[in-house]
Structures are given as structure tokens and as C-alpha cells.
$ cat coords_32.cif   # mmCIF, C-alpha atoms
data_target
loop_
_atom_site.group_PDB
_atom_site.id
_atom_site.type_symbol
_atom_site.label_atom_id
_atom_site.label_comp_id
_atom_site.auth_asym_id
_atom_site.auth_seq_id
_atom_site.Cartn_x
_atom_site.Cartn_y
_atom_site.Cartn_z
ATOM 1 C CA MET A 1 115.347 -89.038 164.582
ATOM 2 C CA THR A 2 114.252 -91.360 167.363
ATOM 3 C CA LYS A 3 113.748 -95.058 166.745
ATOM 4 C CA ALA A 4 109.998 -94.697 167.486
ATOM 5 C CA LYS A 5 109.657 -91.819 165.011
ATOM 6 C CA ALA A 6 111.529 -93.780 162.335
ATOM 7 C CA ALA A 7 109.268 -96.797 162.912
ATOM 8 C CA GLY A 8 106.179 -94.574 162.654
ATOM 9 C CA ASN A 9 107.384 -93.075 159.381
ATOM 10 C CA ALA A 10 108.148 -96.531 158.005
ATOM 11 C CA GLY A 11 104.639 -97.700 158.946
ATOM 12 C CA GLU A 12 103.039 -94.743 157.170
ATOM 13 C CA PHE A 13 105.020 -95.373 153.987
ATOM 14 C CA TYR A 14 104.170 -99.092 154.105
ATOM 15 C CA VAL A 15 100.488 -98.128 154.313
ATOM 16 C CA LEU A 16 100.820 -95.685 151.409
ATOM 17 C CA ALA A 17 102.428 -98.426 149.308
ATOM 18 C CA GLN A 18 99.694 -100.937 150.159
ATOM 19 C CA LEU A 19 96.954 -98.460 149.260
ATOM 20 C CA ALA A 20 98.626 -97.511 145.963
ATOM 21 C CA GLN A 21 99.100 -101.179 145.104
ATOM 22 C CA ARG A 22 95.342 -101.661 145.554
ATOM 23 C CA GLY A 23 94.479 -98.748 143.273
ATOM 24 C CA TYR A 24 93.633 -96.103 145.868
ATOM 25 C CA ILE A 25 94.907 -92.530 145.663
ATOM 26 C CA ALA A 26 96.710 -91.800 148.932
ATOM 27 C CA GLY A 27 98.828 -89.082 150.473
ATOM 28 C CA LYS A 28 100.626 -88.490 153.749
ATOM 29 C CA THR A 29 99.691 -85.524 155.954
ATOM 30 C CA ASP A 30 102.109 -83.343 157.922
ATOM 31 C CA ASP A 31 103.652 -85.245 160.820
ATOM 32 C CA GLY A 32 101.874 -84.952 164.145
ATOM 33 C CA GLN A 33 99.316 -82.334 163.130
ATOM 34 C CA THR A 34 96.107 -84.318 163.706
ATOM 35 C CA LEU A 35 94.815 -87.827 164.207
ATOM 36 C CA ILE A 36 95.126 -88.214 160.433
ATOM 37 C CA ASP A 37 98.370 -89.602 158.980
ATOM 38 C CA VAL A 38 97.110 -90.674 155.553
ATOM 39 C CA ILE A 39 94.174 -89.610 153.395
ATOM 40 C CA ALA A 40 93.031 -92.163 150.812
ATOM 41 C CA THR A 41 90.459 -91.932 148.038
ATOM 42 C CA ASP A 42 88.772 -94.622 145.983
ATOM 43 C CA GLU A 43 89.203 -93.378 142.411
ATOM 44 C CA ALA A 44 85.989 -95.016 141.159
ATOM 45 C CA SER A 45 83.619 -93.602 143.807
ATOM 46 C CA LEU A 46 85.692 -90.613 144.995
ATOM 47 C CA LYS A 47 84.978 -91.712 148.563
ATOM 48 C CA THR A 48 87.708 -90.629 150.947
ATOM 49 C CA VAL A 49 88.882 -92.047 154.265
ATOM 50 C CA ASN A 50 91.155 -90.614 156.946
ATOM 51 C CA ILE A 51 93.692 -93.018 158.382
ATOM 52 C CA GLN A 52 95.688 -93.035 161.602
ATOM 53 C CA VAL A 53 98.694 -95.353 161.314
ATOM 54 C CA LYS A 54 100.145 -97.015 164.392
ATOM 55 C CA THR A 55 103.290 -99.094 164.075
ATOM 56 C CA THR A 56 105.001 -101.583 166.355
ATOM 57 C CA PHE A 57 108.283 -103.389 165.848
ATOM 58 C CA GLU A 58 108.426 -104.712 169.417
ATOM 59 C CA GLY A 59 107.999 -108.399 168.545
ATOM 60 C CA LEU A 60 105.355 -109.043 171.211
ATOM 61 C CA SER A 61 102.939 -111.898 170.724
ATOM 62 C CA PRO A 62 100.205 -110.849 170.305
ATOM 63 C CA PRO A 63 101.417 -107.417 169.213
ATOM 64 C CA GLU A 64 100.314 -104.242 170.948
ATOM 65 C CA TRP A 65 100.314 -100.604 169.922
ATOM 66 C CA ILE A 66 101.034 -97.509 172.020
ATOM 67 C CA MET A 67 98.270 -94.915 171.751
ATOM 68 C CA SER A 68 97.087 -91.929 173.749
ATOM 69 C CA LYS A 69 93.959 -90.516 175.333
ATOM 70 C CA LYS A 70 93.026 -88.779 172.048
ATOM 71 C CA ASN A 71 92.656 -92.232 170.456
ATOM 72 C CA GLU A 72 89.668 -92.922 172.726
ATOM 73 C CA GLN A 73 87.623 -90.632 170.476
ATOM 74 C CA SER A 74 85.490 -92.184 167.760
ATOM 75 C CA PHE A 75 85.008 -90.508 164.404
ATOM 76 C CA GLU A 76 82.769 -91.777 161.636
ATOM 77 C CA ASN A 77 85.359 -91.400 158.893
ATOM 78 C CA LEU A 78 88.539 -92.243 160.830
ATOM 79 C CA TRP A 79 90.232 -95.596 160.359
ATOM 80 C CA TYR A 80 93.255 -97.184 161.935
ATOM 81 C CA VAL A 81 95.815 -99.250 160.114
ATOM 82 C CA LEU A 82 97.903 -101.053 162.700
ATOM 83 C CA VAL A 83 101.268 -102.082 161.310
ATOM 84 C CA GLU A 84 103.125 -104.989 162.878
ATOM 85 C CA GLY A 85 106.728 -104.985 161.704
ATOM 86 C CA ILE A 86 108.251 -108.450 161.604
ATOM 87 C CA SER A 87 111.771 -107.866 160.268
ATOM 88 C CA ASN A 88 113.672 -105.748 157.775
ATOM 89 C CA GLU A 89 113.462 -108.593 155.251
ATOM 90 C CA GLN A 90 109.719 -109.196 155.446
ATOM 91 C CA LEU A 91 106.629 -107.077 154.798
ATOM 92 C CA PRO A 92 104.735 -106.178 157.967
ATOM 93 C CA ASN A 93 101.249 -107.345 158.873
ATOM 94 C CA PHE A 94 98.420 -104.832 158.493
ATOM 95 C CA TYR A 95 95.254 -104.733 160.616
ATOM 96 C CA ILE A 96 92.389 -102.418 159.655
ATOM 97 C CA TYR A 97 89.992 -101.062 162.315
ATOM 98 C CA LYS A 98 87.287 -98.409 162.477
ATOM 99 C CA SER A 99 87.915 -95.721 165.054
ATOM 100 C CA SER A 100 84.634 -96.758 166.739
ATOM 101 C CA GLU A 101 86.191 -100.180 167.402
ATOM 102 C CA ILE A 102 89.397 -98.864 168.973
ATOM 103 C CA GLY A 103 88.170 -95.797 170.904
ATOM 104 C CA PRO A 104 85.712 -97.531 173.248
ATOM 105 C CA TRP A 105 88.122 -100.476 173.711
ATOM 106 C CA LEU A 106 90.892 -98.102 174.847
ATOM 107 C CA ALA A 107 88.588 -96.166 177.185
ATOM 108 C CA LYS A 108 87.303 -99.327 178.855
ATOM 109 C CA ASP A 109 90.739 -100.938 179.143
ATOM 110 C CA HIS A 110 92.282 -97.795 180.633
ATOM 111 C CA SER A 111 89.415 -97.360 183.083
ATOM 112 C CA THR A 112 89.911 -100.960 184.244
ATOM 113 C CA TRP A 113 93.692 -100.480 184.500
ATOM 114 C CA LEU A 114 93.178 -97.460 186.781
ATOM 115 C CA THR A 115 91.188 -99.590 189.266
ATOM 116 C CA ILE A 116 94.013 -102.105 189.722
ATOM 117 C CA PRO A 117 96.450 -100.945 192.433
ATOM 118 C CA LYS A 118 100.191 -101.014 191.826
ATOM 119 C CA LYS A 119 102.179 -103.923 193.299
ATOM 120 C CA ASN A 120 102.919 -101.805 196.382
ATOM 121 C CA GLY A 121 99.188 -101.177 196.887
ATOM 122 C CA GLU A 122 99.237 -97.537 195.830
ATOM 123 C CA PRO A 123 96.570 -96.343 193.407
ATOM 124 C CA ARG A 124 97.575 -95.762 189.803
ATOM 125 C CA LYS A 125 97.925 -92.250 188.462
ATOM 126 C CA ASP A 126 96.103 -91.367 185.290
ATOM 127 C CA THR A 127 98.264 -90.761 182.225
ATOM 128 C CA ASN A 128 97.661 -89.951 178.579
ATOM 129 C CA MET A 129 99.248 -93.233 177.480
ATOM 130 C CA ARG A 130 97.058 -96.105 176.301
ATOM 131 C CA VAL A 131 97.974 -99.548 174.954
ATOM 132 C CA PHE A 132 95.832 -101.357 172.398
ATOM 133 C CA LYS A 133 96.233 -105.106 172.988
ATOM 134 C CA PRO A 134 93.838 -107.067 170.760
ATOM 135 C CA THR A 135 93.595 -110.839 170.944
ATOM 136 C CA PHE A 136 94.879 -113.096 168.160
ATOM 137 C CA ASN A 137 91.276 -113.710 167.056
ATOM 138 C CA GLU A 138 90.543 -109.984 166.881
ATOM 139 C CA LEU A 139 93.690 -109.410 164.864
ATOM 140 C CA GLU A 140 92.949 -112.233 162.463
ATOM 141 C CA SER A 141 89.496 -110.839 161.662
ATOM 142 C CA HIS A 142 91.038 -107.428 160.802
ATOM 143 C CA LYS A 143 94.143 -108.609 158.952
ATOM 144 C CA ASP A 144 94.659 -107.211 155.427
ATOM 145 C CA ASN A 145 91.017 -106.161 155.195
ATOM 146 C CA TRP A 146 91.783 -103.093 153.072
ATOM 147 C CA SER A 147 88.447 -103.013 151.249
ATOM 148 C CA TYR A 148 86.665 -102.731 154.651
ATOM 149 C CA MET A 149 87.559 -99.024 154.771
ATOM 150 C CA PHE A 150 85.763 -98.236 151.540
ATOM 151 C CA SER A 151 82.871 -100.678 151.857
ATOM 152 C CA LYS A 152 81.603 -99.060 155.089
ATOM 153 C CA ILE A 153 81.492 -95.420 153.967
#

$ encode --input "coords_32.cif" --output "C-alpha cells"
Amino acid sequence: MTKAKAAGNAGEFYVLAQLAQRGYIAGKTDDGQTLIDVIATDEASLKTVNIQVKTTFEGLSPPEWIMSKKNEQSFENLWYVLVEGISNEQLPNFYIYKSSEIGPWLAKDHSTWLTIPKKNGEPRKDTNMRVFKPTFNELESHKDNWSYMFSKI
């Protein structure tokens, strides 16, 4: 298993644990099948959310998450939990976003990136890779906001 795959699995299990600790019913989907990694349900209302988990252990400040072109899509009932791993001895940070907050951000950022020539002056080639790089303020407003997913359904 690659280091990136192991980190992704760890992030998904961290998210499952956080949801269970908060009283939500949650399960992991098959790896890599869709944009959905975790499905969670609020037992009281039976409202369900679909969650894409993205994990970074890179130690960048502010952290950033590798995504792809498919993450530019916005879906009404898709949420992102961004996991920032700190160390093996410490719980990660969790940032909760609606897909409609991440998708347009990625599309705009990538479009801007394509207009900036490489250092040698050559134009950039389009790729499927995207990088979500929120500011510290953006991260702080989304940190540990687990109830946000169920309050906006």
C-alpha cells in the first residue's frame, strides 16, 4: 500500500470515529468507487449526508489538499471533511465544507493557474490535478463544525 493510500484510509477512519463519537451512524464505502467515502445518518432525523474525505500529512502551513478535476463538481448533498494530520501522537484537525464551497474554488484557482506561464515562459498544460489551499481564516471558520453537515440539509 502506498503512503498516500494509507494516509487516505487513516483519514477516513478518523472521520468515522468522529462521527460515531457525535452520535451519527456512519459507514465507509468501497475504496475509489465514487466521490463518496463515508455515508453518515443522523439517527434522530434520519437525514443522510455523503462525505468525501481528503487527508494531508504534509505539514504545510496552511495545509493544502490534493484533489482532481472531478472535485470541481458541486452536489447538494456532498460534503468534504478535510483531515490535517499533525503527528502519530495527536488527533488530526478536521475541516468541514460543502461541495458547493470547494468546487467553484477549485475551478477558479485552476483556471487562474493555467493563465500563468511556467518559469521558462511556456504555457501550462492542463491536468486533472487540483490543489485546495484555503487561508487560515477559511480553515478556522470550518474547523470541527460537524453539526454544519446536518443543519444545512

$ residues_around --input "coords_32.cif" --residues "range 23-39 of chain A" --least-positions-apart "5" --cutoff "8 Å" --atoms "only C-alpha atoms" --output "PyMOL selection string"
chain A and resi 12+16+48-53+71+78

$ write_last_selection --input "coords_32.cif" --atoms "C-alpha atoms" --output "compact mmCIF listing (two decimals), in the frame of the given file"
# COMPACT_ATOMS: atom_id res chain seq x y z
CA GLU A 12 103.04 -94.74 157.17
CA LEU A 16 100.82 -95.68 151.41
CA THR A 48 87.71 -90.63 150.95
CA VAL A 49 88.88 -92.05 154.26
CA ASN A 50 91.16 -90.61 156.95
CA ILE A 51 93.69 -93.02 158.38
CA GLN A 52 95.69 -93.04 161.60
CA VAL A 53 98.69 -95.35 161.31
CA ASN A 71 92.66 -92.23 170.46
CA LEU A 78 88.54 -92.24 160.83

$ closest_residue --input "coords_32.cif" --among "A:Asn128, A:Thr135, A:Asn120, A:Ser151" --to "Pro63 in chain A" --atoms "all atoms listed in the file"
A:Thr135

$ closest_atom_pairs --input "coords_32.cif" --of "range 1-112 of chain A" --to "range 137-144 of chain A" --cutoff "8 Å" --atoms "only C-alpha atoms" --output "Markdown table"
| residue | atom | partner | partner_atom | distance |
| --- | --- | --- | --- | --- |
| A:Asn93 | CA | A:Lys143 | CA | 7.2 |
| A:Phe94 | CA | A:Asp144 | CA | 5.4 |
| A:Tyr95 | CA | A:Lys143 | CA | 4.4 |
| A:Ile96 | CA | A:His142 | CA | 5.3 |
| A:Tyr97 | CA | A:His142 | CA | 6.6 |

$ residues_around --input "coords_32.cif" --residues "Arg22 in chain A" --least-positions-apart "4" --cutoff "12 Å" --atoms "all atoms listed in the file" --output "PyMOL selection string"
chain A and resi 15-18+26+40-43+144-147+150

$ resolve_selection --input "coords_32.cif" --expression "the PyMOL selection byres ((chain A and resi 100) around 10)" --output "number ranges by chain"
A: 71-80, 97-99, 101-105

$ atom_distance --input "coords_32.cif" --atom1 "CA of Ile66 in chain A" --atom2 "CA of Leu19 in chain A"
23.1 Å

$ residues_around --input "coords_32.cif" --residues "Leu106 in chain A" --least-positions-apart "5" --cutoff "10 Å" --atoms "only C-alpha atoms" --output "list in words"
Met67, Ser68, Lys69, Lys70, Asn71, Glu72, Gln73, Glu101, Ser111, Thr112, Arg130, Val131, Phe132 and Lys133 of chain A

$ axis_aligned_box --input "coords_32.cif" --around "range 25-33 of chain A" --padding-each-side "8 Å" --output "AutoDock Vina command-line options"
--center_x 99.3 --center_y -87.4 --center_z 154.9 --size_x 24.7 --size_y 26.2 --size_z 34.5

$ residues_around --input "coords_32.cif" --residues "Ile86 in chain A" --least-positions-apart "3" --cutoff "9 Å" --atoms "all atoms listed in the file" --output "PyMOL selection string"
chain A and resi 56-59+89-93

$ atom_distance --input "coords_32.cif" --atom1 "CA of Arg124 in chain A" --atom2 "CA of Lys108 in chain A"
15.4 Å
